[in-house]
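Scroll down for the structure; my scribbles are underneath it.
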Amino acid sequence: MKSPSRTINLLVLLVAAFAHQTMTAPSSFEDSTVSSSSNKGQQALSDHWVMKMSVNDLETAQKIAREHNFKVVRRVGSLDGYFVIVANDEHRFRRSSSSRDDEKNLSWSWSWSSSTASNFTENLVSNMQAHPLIESVEKEPLLVRTKRDFIELPIRSSISHVLLNSDLARQQRLAEVAAMQPLDGQLQQQQQQSSHGIDPFWSEMWYLNRGSTDPRLPDMNVTSAWAQGYSGRGVSVTFLDDGLEWNHADLMANYDPKASTDINGNDDDPMPRYDDSNENKHGTRCAGEVAAVANNSVCGVGVAFNSGIGGIRMLDGDVTDSVEASSLGYNIDHIHIYSASWGPDDNGEVVDGPGPLAKRAFYDGVMRGRRGLGNIFVWASGNGGRFNDSCSCDGYANSIYTFSISSTSERGDKPWYLEECASTLATTYSSGDERYGEKEIITTDIRNKCTTKHTGTSAAAPIAAGIIALALEANPKLTWRDVMYVIAVTSRPDAIRSNNYIINKRGFKVSPRYGFGLMNAGGMVEVAKTWRNVPPMISCVTINSQFRVNTVHKINSLEAVLSTDACAGTPNEVNFIEQVEVIVSIRAPVRGQLEVFLTSPMGTKSHLLPKRSRDLSADGFKRWPFMTVHLWGEMPRGDWLLTVTTPDGTIVQVEEYSLVIHGTKEKPIDYERFVKPDPSNNFINADVAVQTKPMTTIASDVRPQDENNVTTTTTTIKTKTNSGGSEKLRNLIEFLRRKLNI
Ligand SMILES: [Ca+2]
Ligand SMILES: [Ca+2]
Ligand SMILES: [Ca+2]
Ligand SMILES: [Ca+2]
């Protein structure tokens with residue numbers, strides 16, 4: 001009875017999907033989610049190409065490339081069959097993406113016009129594409145990616161670097177530390193327990209030690225994890241950044257060459273390129289926060305001071321999708337944690353995220369990395385606060401595969417650079433407001449120095465990486481999702497005051513500023529030790545089968561409801577939410593004026609997108625996935641209300657609205673032990689299904705299998721409605737498949 005109207009609805013939706021494809025002119029559906037920025041058509045191109053082969057064999061790739069006058073630069077990380085290639089002639093005549101290393105070659109002037117060179121190369125490529133083993137050869141666009149710290153004024157910078165080589169400075173620091181120890185028995189005891197007494201900057205590392213000097217001041221309980229015997233031993237952390245000064249006196253003992261490579265220079269050594277402005281200090285600063293050596297009389301101490309650290313040098317040159325994927329997928333069985341403190345520009349104007357290869361790399365990492373337990377990708381949530389930027393428009397922070405980390409200041413305030421979004425997982429300390437004398441982060445600096453001036457979310461994410469390293473030492477069997485759960489149940493919202501916490505119906509207190517709250521290293525290792533693995537993650541997709549989503553217009557807002565059974569009755573039935581993605585297409589004359597909320601069937605309202613005053617784009621959102629962790633633990637069955645608020649009189653249209661609910665069918669076994677119900681909320685009801693009529697659902701089973709530490713993926717996609725064999729519906733499902741990377 002219902003099927004004729006359902007079919008019509010589906011067809012109309014497919015027209016919409018097709019309209020999007022032609023409107024944005026991407027080469028595939030997938031591309032339309034990559035970026036909603038308007039200047040895609042004008043993007044500059046790299047001189048590198050990505051070659052996809054049907055076989056995964058380096059020698060064959062080299063042979064085919066050679067036959068067509070190309071050469072293979074590298075594999076694309078862990079991705080089977082993908083190779084980066086460059087034309088031999090082009091390489092000779094044009095500046096390569098990694099040529100900041102050989103700046104002197106750049107004085108060479110072009111004698112061959114670039115258009116001649118590129119026509120020549122295009123011909124070579126079309127010949128190559130005809131080869132039976134080649135699936136595609138595509139030139140790579142250049143991406144804009146920025147480091148998430150700040151440009152320091154030269155005068156500040158010069159006083160911020162204390163020369164450790166100066167005996168005077170060191171003696172002075174040692175004298176200061178010695179002077180304060182007898183005054184505080186508790187601190188002295190702590191230092192003896194953890195043996196960090198003689199690192200000259202230890203006494204100033206407020207974010208690690210102040211809880212033990214004054215219990216009224218919260219810290220991240222790192223000393224408690226140390227006291228339990230954990231220091232990151234056996235855990236390998238790498239930094240996707242501008243290089244690593246691995247021979248630094250406070251880093252070298254922990255340097256792990258297997259966690260290191262140089263994508264920019266195309267060699268194994270991630271040593272940074274030095275210049276007068278010390279532009280490439282970022283990676284070395286981030287690394288010291290995790291693994292500065294303890295008790296060696298140099299600089300400070302890292303959060304996981306016995307972990308192995310590596311550097312993947314990839315920010316000091318042209319950044320492309322394959323550069324990112326090669327970095328994210330480097331040595332995935334050896335490296336446990338990847339820390340990245342960069343992303344799309346934080347100017348508050350762009351909506352941008354990982355390209356298709358980087359998305360695959362994230363997926364490959366969580367599914368196959370760490371021998372099937374999944375790599376941990378820690379991400380800085382962004383520094384665009386002063387521009388009213390939101391990390392909900394940053395596809396890296398927003399990805400379900402990243403641990404997106406926010407910051408709070410020494411006083412527990414919202415720093416001026418903080419970006420709000422519902423995908424932020426948790427928070428660590430970082431720099432604050434200098435007017436109140438709030439202190440910054442102490443770490444290693446390039447040229448064998450130490451700095452007290454590391455700032456922004458760039459400084460917050462590595463602290464999180466260090467804390468996760470402590471938890472992985474406590475329990476090396478934790479999967480990537482187990483680590484997310486352990487963070488969710490141990491982080492402390494009450495340690496950071498904020499007026500925008502909500503309590504969801506599982507009893508989790510969450511905020512778009514701080515996620516689950518301040519990370520708690522002592523709590524994490526305690527819980528990690530006995531944590532039992534959560535069930536496999538399953539994902540259920542609900543698509544709205546109408547061209548124009550049924551919206552109800554209210555004053556200054558419009559609302560749309562999507563009902564779902566959350567794939568009930570299939571193996572993909574989700575009963576316990578982890579992360580939820582809402583994929584929307586919205587037309588609006590000024591994108592930055594929109595605000596988006598999602599209310600779960602249990603009634604929790606998650607703020608998906610705040611206003612962004614600088615974003616004047618008329619492009620709207622095209623299949624952009626907004627992600628929220630605020631509904632963690634709730635039951636997903638029922639009506640999901642999307643609310644889009646707009647200024648009075650503005651015409652806004654919601655054209656697509658789909659839900660991707662990630663979670664588990666069975667209740668995670670340790671919920672009862674570690675989640676404390678809030679008496680003011682009906683926590684118990686979180687397990688009760690809210691039954692309503694289902695819309696079109698696609699069950700997506702993403703399950704690591706096997707006993708031999710080898711992970712394979714089985715995928716079943718079912719549609720509940722009869723698609724009638726429509727090619728276009730298959731395209732839409734294919735888009736959603738790719739969205740899920742399955
Ligand atoms: Ca190098
Ligand atoms: Ca040290
Ligand atoms: Ca941002
Ligand atoms: Ca994330």
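Quick note on naming: the chains in the structure tokens go A, B, ... in the order shown, residues restart at 1 in each chain, and ligands are numbered from 1 in order of appearance.
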Show me which residues sit within 6 Å of ligand 1 when counting only C-alpha atoms and all ligand atoms, and put them as a PDB file with C-alpha atoms, in the first residue's frame.
ATOM      1  CA  ASP A 262      60.172  12.542   6.065  1.00  0.00           C
ATOM      2  CA  GLY A 265      62.210  15.470   1.958  1.00  0.00           C
ATOM      3  CA  ASP A 267      63.889  10.310   3.182  1.00  0.00           C
ATOM      4  CA  ASP A 269      65.134  11.554   8.668  1.00  0.00           C
ATOM      5  CA  PRO A 270      62.480  13.981  10.014  1.00  0.00           C
ATOM      6  CA  MET A 271      65.012  16.596  11.205  1.00  0.00           C
TER       7      MET A 271
END
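Near Gly329 (chain A), within a cut-off of 9 Å and counting only C-alpha atoms, sit the residues Val76, Gly77, Ser78, Leu79, Glu324, Ala358, Ala361, Phe362, Asp364, Gly365 and Gly369 of chain A, with same-chain residues fewer than 5 positions away left out.
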For this session: Mind the document's chain letters and residue numbers, and return as a ChimeraX atom specification the residues of region 254-460 of chain A that DSSP labels helix (DSSP H, G or I).
Result: /A:254,257-259,279-291,321-328,356-368,370-372,384-387,391-393,434-436,456-460
For the residues selected in the previous step, produce a file with C-alpha atoms as a tab-separated table (two decimals), in the first residue's frame.
chain	number	residue	atom	x	y	z
A	254	ASN	CA	63.14	8.32	23.51
A	257	PRO	CA	63.17	5.90	14.15
A	258	LYS	CA	60.48	3.35	13.21
A	259	ALA	CA	57.84	5.94	14.06
A	279	GLU	CA	59.33	28.42	11.51
A	280	ASN	CA	59.69	24.68	11.96
A	281	LYS	CA	59.72	24.46	15.73
A	282	HIS	CA	56.19	23.14	16.01
A	283	GLY	CA	56.77	19.38	15.80
A	284	THR	CA	59.65	19.44	18.28
A	285	ARG	CA	57.57	21.47	20.73
A	286	CYS	CA	54.66	19.03	20.51
A	287	ALA	CA	56.94	15.99	20.93
A	288	GLY	CA	58.53	17.25	24.15
A	289	GLU	CA	55.15	17.45	25.83
A	290	VAL	CA	54.78	13.70	25.43
A	291	ALA	CA	58.27	12.33	25.80
A	321	ASP	CA	45.56	14.42	0.13
A	322	SER	CA	48.24	11.78	-0.52
A	323	VAL	CA	50.74	13.58	1.74
A	324	GLU	CA	48.20	13.39	4.55
A	325	ALA	CA	47.24	9.78	3.79
A	326	SER	CA	50.89	8.73	3.57
A	327	SER	CA	51.49	10.28	6.98
A	328	LEU	CA	48.35	8.97	8.68
A	356	PRO	CA	39.25	10.64	-0.11
A	357	LEU	CA	42.72	9.21	0.54
A	358	ALA	CA	43.05	10.69	4.03
A	359	LYS	CA	39.57	9.36	4.86
A	360	ARG	CA	40.63	5.92	3.72
A	361	ALA	CA	43.79	6.24	5.78
A	362	PHE	CA	41.80	7.06	8.92
A	363	TYR	CA	39.56	4.09	8.29
A	364	ASP	CA	42.44	1.77	7.48
A	365	GLY	CA	44.22	2.90	10.64
A	366	VAL	CA	41.34	2.20	13.00
A	367	MET	CA	40.47	-1.10	11.30
A	368	ARG	CA	43.90	-2.60	10.59
A	370	ARG	CA	47.96	-1.63	15.80
A	371	ARG	CA	47.37	-5.21	14.57
A	372	GLY	CA	43.64	-4.72	14.45
A	384	GLY	CA	39.82	29.96	15.51
A	385	GLY	CA	37.89	31.13	18.57
A	386	ARG	CA	38.67	34.79	18.08
A	387	PHE	CA	37.23	34.50	14.56
A	391	CYS	CA	35.39	22.84	14.77
A	392	SER	CA	32.11	21.52	13.37
A	393	CYS	CA	33.29	22.93	10.04
A	434	GLU	CA	48.27	36.83	29.41
A	435	ARG	CA	46.48	39.80	31.01
A	436	TYR	CA	45.73	37.59	33.98
A	456	GLY	CA	46.91	26.92	21.77
A	457	THR	CA	45.22	23.63	20.98
A	458	SER	CA	48.53	22.67	19.42
A	459	ALA	CA	49.77	22.28	22.96
A	460	ALA	CA	46.62	20.56	24.21
For this session: Name the residues, by chain letter and number, that sit within 6 Å of ligand 4 using only C-alpha atoms and all ligand atoms, and give them as a list in words.
Result: Ala397, Asn398, Ser399, Ile400, Tyr401, Thr402, Phe403, Ser404 and Ser423 of chain A
Shell of 8 Å around ligand 3 (only C-alpha atoms and all ligand atoms), written as an mmCIF file with C-alpha atoms, in the first residue's frame:
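The resulting part-v4.cif:
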data_model
loop_
_atom_site.group_PDB
_atom_site.id
_atom_site.type_symbol
_atom_site.label_atom_id
_atom_site.label_comp_id
_atom_site.auth_asym_id
_atom_site.auth_seq_id
_atom_site.Cartn_x
_atom_site.Cartn_y
_atom_site.Cartn_z
ATOM 1 C CA GLY A 343 44.080 21.511 9.986
ATOM 2 C CA PRO A 344 42.075 23.718 7.652
ATOM 3 C CA ASP A 345 42.505 27.447 8.173
ATOM 4 C CA ASP A 346 40.911 28.639 11.426
ATOM 5 C CA ASN A 347 39.795 31.942 9.880
ATOM 6 C CA GLY A 348 36.138 31.154 10.507
ATOM 7 C CA SER A 381 40.329 21.047 17.816
ATOM 8 C CA GLY A 382 41.421 24.423 16.388
ATOM 9 C CA ASN A 383 42.451 27.941 17.342
ATOM 10 C CA GLY A 384 39.824 29.957 15.514
ATOM 11 C CA GLY A 385 37.889 31.131 18.574
ATOM 12 C CA ASP A 389 35.256 29.563 14.023
ATOM 13 C CA SER A 390 33.708 26.218 14.958
ATOM 14 C CA CYS A 391 35.394 22.843 14.771
ATOM 15 C CA SER A 392 32.111 21.520 13.374
ATOM 16 C CA CYS A 393 33.289 22.931 10.037
ATOM 17 C CA ASP A 394 36.621 21.082 10.315
ATOM 18 C CA GLU A 419 36.379 26.646 19.078
#
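All residues, whether protein, DNA or RNA, that have an atom at most 6 Å from ligand 2 (counting only C-alpha atoms and all ligand atoms) are Asp199, Asp250, Ala292, Val293, Ala294, Asn295, Asn296, Ser297, Val298, Cys299, Gly300 and Val301 of chain A.
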Atoms to include: N, CA and C atoms. Write the selected residues as a PDB file, in the first residue's frame.
ATOM      1  N   ASP A 199      64.644  17.909  36.847  1.00  0.00           N
ATOM      2  CA  ASP A 199      64.446  18.608  35.579  1.00  0.00           C
ATOM      3  C   ASP A 199      64.183  20.074  35.904  1.00  0.00           C
ATOM      4  N   ASP A 250      66.837  16.496  25.358  1.00  0.00           N
ATOM      5  CA  ASP A 250      65.750  15.994  26.193  1.00  0.00           C
ATOM      6  C   ASP A 250      64.816  15.045  25.439  1.00  0.00           C
ATOM      7  N   ALA A 292      59.548  14.238  26.686  1.00  0.00           N
ATOM      8  CA  ALA A 292      60.774  14.807  27.231  1.00  0.00           C
ATOM      9  C   ALA A 292      61.249  13.873  28.345  1.00  0.00           C
ATOM     10  N   VAL A 293      62.544  13.611  28.349  1.00  0.00           N
ATOM     11  CA  VAL A 293      63.109  12.613  29.264  1.00  0.00           C
ATOM     12  C   VAL A 293      63.032  13.117  30.707  1.00  0.00           C
ATOM     13  N   ALA A 294      62.694  12.233  31.610  1.00  0.00           N
ATOM     14  CA  ALA A 294      62.587  12.613  33.018  1.00  0.00           C
ATOM     15  C   ALA A 294      63.948  12.540  33.699  1.00  0.00           C
ATOM     16  N   ASN A 295      64.155  13.435  34.639  1.00  0.00           N
ATOM     17  CA  ASN A 295      65.256  13.277  35.574  1.00  0.00           C
ATOM     18  C   ASN A 295      66.639  13.294  34.918  1.00  0.00           C
ATOM     19  N   ASN A 296      66.788  14.121  33.884  1.00  0.00           N
ATOM     20  CA  ASN A 296      68.088  14.186  33.208  1.00  0.00           C
ATOM     21  C   ASN A 296      68.684  15.593  33.281  1.00  0.00           C
ATOM     22  N   SER A 297      68.143  16.429  34.128  1.00  0.00           N
ATOM     23  CA  SER A 297      68.643  17.803  34.318  1.00  0.00           C
ATOM     24  C   SER A 297      68.486  18.673  33.079  1.00  0.00           C
ATOM     25  N   VAL A 298      67.639  18.265  32.177  1.00  0.00           N
ATOM     26  CA  VAL A 298      67.421  19.059  30.972  1.00  0.00           C
ATOM     27  C   VAL A 298      65.934  19.390  30.860  1.00  0.00           C
ATOM     28  N   CYS A 299      65.634  20.669  30.662  1.00  0.00           N
ATOM     29  CA  CYS A 299      64.272  21.102  30.331  1.00  0.00           C
ATOM     30  C   CYS A 299      63.241  20.540  31.308  1.00  0.00           C
ATOM     31  N   GLY A 300      62.149  19.983  30.778  1.00  0.00           N
ATOM     32  CA  GLY A 300      61.081  19.512  31.656  1.00  0.00           C
ATOM     33  C   GLY A 300      60.911  18.012  31.541  1.00  0.00           C
ATOM     34  N   VAL A 301      59.660  17.573  31.720  1.00  0.00           N
ATOM     35  CA  VAL A 301      59.392  16.138  31.647  1.00  0.00           C
ATOM     36  C   VAL A 301      58.106  15.934  30.851  1.00  0.00           C
TER      37      VAL A 301
END
For this session: Could you give me the residues within region 395-624 of chain A that DSSP places in strand (DSSP E or B), as a ChimeraX atom specification?
Result: /A:402-408,426-429,441-445,449-454,492,502-503,509-511,515,518,538-543,551-554,557-564,576-587,595-599,605-609,621-624
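Considering only C-alpha atoms, the residue among A:Val86, A:Val378, A:Ala249, A:Asp80 positioned nearest to Arg66 (chain A) is A:Val86.
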For this session: Show which residues sit within 8 Å of Glu573 (chain A), as a ChimeraX atom specification. Count only C-alpha atoms, and ignore same-chain residues fewer than 4 positions away.
Result: /A:538,540,566-569,664-665,699
Please write the residues from the selection above to a file, keeping C-alpha atoms, as a tab-separated table (two decimals), in the first residue's frame.
chain	number	residue	atom	x	y	z
A	538	ILE	CA	28.07	-1.10	14.01
A	540	CYS	CA	23.12	2.34	10.94
A	566	ALA	CA	18.05	2.23	14.18
A	567	CYS	CA	18.16	-0.91	12.03
A	568	ALA	CA	16.21	-2.89	14.62
A	569	GLY	CA	15.87	-6.57	13.86
A	664	THR	CA	26.75	-1.15	19.60
A	665	LYS	CA	23.88	-3.57	19.74
A	699	ALA	CA	22.58	-1.36	7.87
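Across the model, the gap from CA of Phe516 (chain A) to CA of Ser406 (chain A) is 10.3 Å.
In this model, the gap between CA of Pro512 (chain A) and CA of Val582 (chain A) comes to 16.0 Å.
CA of Ser491 (chain A) lies 13.6 Å from CA of Arg513 (chain A).
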